[in-house]
Amino acid sequence: MNDEHVILDTRDWIEKAVIGLNLCPFAKSVYVKNQIRIVVSHARHIDGFLEDLDRELDHLAEVDPEVTDTTLLIHPTLFGDFLDFNDVHQIADEAVAEHELEGVIQIASFHPQFQFDGTEPDDITNYTNRAPYPTLHLIREASLDKAVEAFPEAEAIYERNMETLKKLGIAGWLALGMAHTKRQHG
């Protein structure tokens with residue numbers, strides 16, 4: 001799978017789901033200004049992926065937010081199992097602390113099989129965090145703070161997203177062209 005394909009799938013997901021369904025009301029402004037850095041990792045093992053994460057944390061900490069406000073670090077093949085990727089997210093949070101970036105950068109995760117604790121695999125609410133490929137989203141906390149100031153009732157986004165997806169249903173999600181984020185049973 002080549003990088004161009006991975007990036008195109010990711011942009012499609014951002015445009016149709018994240019922005020199109022307004023799952024993140026903050027995403028559109030940085031997307032249209034081309035301030036989202038999308039990086040595809042080619043690491044062959046977790047240690048290599050974590051080295052890629054280290055580089056991206058350093059990059060985001062050093063670059064002007066007007067150039068790169070946020071980064072999506074994607075690995076299309078290394079983390080097929082969601083629970084394994086969830087463990088990597090915990091390690092990634094530790095890397096933020098090691099880089100002394102707590103309070104500066106936080107990490108959110110997205111995965112094609114994302115599942116909230118206490119939900120069934122095909123519960124539509126899981127789709128709020130389903131992306132075409134396992135993805136770590138490196139977010140500047142200062143940018144989040146500004147976005148929250150501009151968006152009253154930011155704490156309600158989570159519930160609103162759940163309701164949006166419940167109304168849409170899996171058939172509606174798939175009609176968006178998001179079949180690659182539907183959990184495969186086998």
# chains A, B, ... in the order shown; residues from 1 in each chain; ligands from 1
$ closest_atom_pairs --of "range 58-154 of chain A" --to "range 12-18 of chain A" --cutoff "9 Å" --atoms "only C-alpha atoms" --output "Markdown table"
| residue | atom | partner | partner_atom | distance |
| --- | --- | --- | --- | --- |
| A:Thr128 | CA | A:Val18 | CA | 8.4 |
| A:Ala131 | CA | A:Trp13 | CA | 6.8 |
| A:Pro132 | CA | A:Trp13 | CA | 7.2 |
$ residues_around --residues "Trp173 in chain A" --least-positions-apart "4" --cutoff "9 Å" --atoms "only C-alpha atoms" --output "ChimeraX atom specification"
/A:17,124,127,165,168-169,177-179,182
$ residues_around --residues "Asp69 in chain A" --least-positions-apart "6" --cutoff "8 Å" --atoms "only C-alpha atoms" --output "list in words"
Val30, Gln35, Ile36, Arg37, Leu60, Ile139, Arg140 and Ser143 of chain A
$ write_last_selection --atoms "N, CA, C and O atoms" --output "short mmCIF file (atom, residue, chain, number, x, y, z; two decimals), in the first residue's frame"
data_model
loop_
_atom_site.label_atom_id
_atom_site.label_comp_id
_atom_site.auth_asym_id
_atom_site.auth_seq_id
_atom_site.Cartn_x
_atom_site.Cartn_y
_atom_site.Cartn_z
N VAL A 30 -8.30 24.26 10.33
CA VAL A 30 -6.90 23.87 10.09
C VAL A 30 -6.75 23.07 8.81
O VAL A 30 -5.71 23.13 8.15
N GLN A 35 -2.96 23.03 7.47
CA GLN A 35 -2.12 23.00 8.66
C GLN A 35 -2.11 21.63 9.34
O GLN A 35 -1.61 21.49 10.44
N ILE A 36 -2.67 20.63 8.65
CA ILE A 36 -2.64 19.27 9.17
C ILE A 36 -1.52 18.52 8.45
O ILE A 36 -1.52 18.40 7.24
N ARG A 37 -0.58 18.05 9.21
CA ARG A 37 0.53 17.25 8.67
C ARG A 37 0.11 15.78 8.74
O ARG A 37 -0.27 15.29 9.81
N LEU A 60 6.44 18.87 15.85
CA LEU A 60 5.28 19.67 16.23
C LEU A 60 5.65 20.69 17.31
O LEU A 60 5.15 21.82 17.30
N ILE A 139 -2.01 16.68 18.98
CA ILE A 139 -2.80 17.91 19.04
C ILE A 139 -2.11 18.92 19.97
O ILE A 139 -1.76 18.57 21.10
N ARG A 140 -1.99 20.13 19.50
CA ARG A 140 -1.48 21.21 20.37
C ARG A 140 -2.58 21.60 21.36
O ARG A 140 -3.68 21.95 20.96
N SER A 143 -3.96 25.12 20.80
CA SER A 143 -4.95 25.20 19.71
C SER A 143 -6.31 24.70 20.19
O SER A 143 -7.35 25.25 19.83
#
$ select_by_dssp --residues "range 109-172 of chain A" --states "strand (DSSP E)" --output "compact mmCIF listing (two decimals) with C-alpha atoms, in the first residue's frame"
# COMPACT_ATOMS: atom_id res chain seq x y z
CA SER A 109 -6.17 7.72 18.66
CA PHE A 110 -8.28 6.46 15.79
CA THR A 135 -3.73 6.84 13.51
CA LEU A 136 -2.26 8.87 16.34
CA HIS A 137 -3.44 12.47 16.32
CA LEU A 138 -0.91 14.83 17.89
CA ILE A 139 -2.80 17.91 19.04
CA ARG A 140 -1.48 21.21 20.37
$ residues_around --residues "Pro134 in chain A" --least-positions-apart "2" --cutoff "6 Å" --atoms "only C-alpha atoms" --output "list in words"
Ile74, His75, Phe110 and His111 of chain A
$ write_last_selection --atoms "C-alpha atoms" --output "mmCIF file, in the first residue's frame"
data_model
loop_
_atom_site.group_PDB
_atom_site.id
_atom_site.type_symbol
_atom_site.label_atom_id
_atom_site.label_comp_id
_atom_site.auth_asym_id
_atom_site.auth_seq_id
_atom_site.Cartn_x
_atom_site.Cartn_y
_atom_site.Cartn_z
ATOM 1 C CA ILE A 74 -0.535 6.745 10.465
ATOM 2 C CA HIS A 75 0.666 3.188 10.141
ATOM 3 C CA PHE A 110 -8.278 6.457 15.785
ATOM 4 C CA HIS A 111 -8.491 2.912 14.446
#
$ closest_residue --among "A:Leu50, A:His99, A:Thr10, A:Asn34" --to "Val67 in chain A" --atoms "only C-alpha atoms"
A:Asn34
$ residues_around --residues "Glu56 in chain A" --least-positions-apart "5" --cutoff "9 Å" --atoms "only C-alpha atoms" --output "MDAnalysis selection string"
chainID A and resid 39 51 61 71 73 138
$ closest_residue --among "A:Leu78, A:Ile38, A:Leu144, A:Leu83" --to "Gly103 in chain A" --atoms "only C-alpha atoms"
A:Leu144
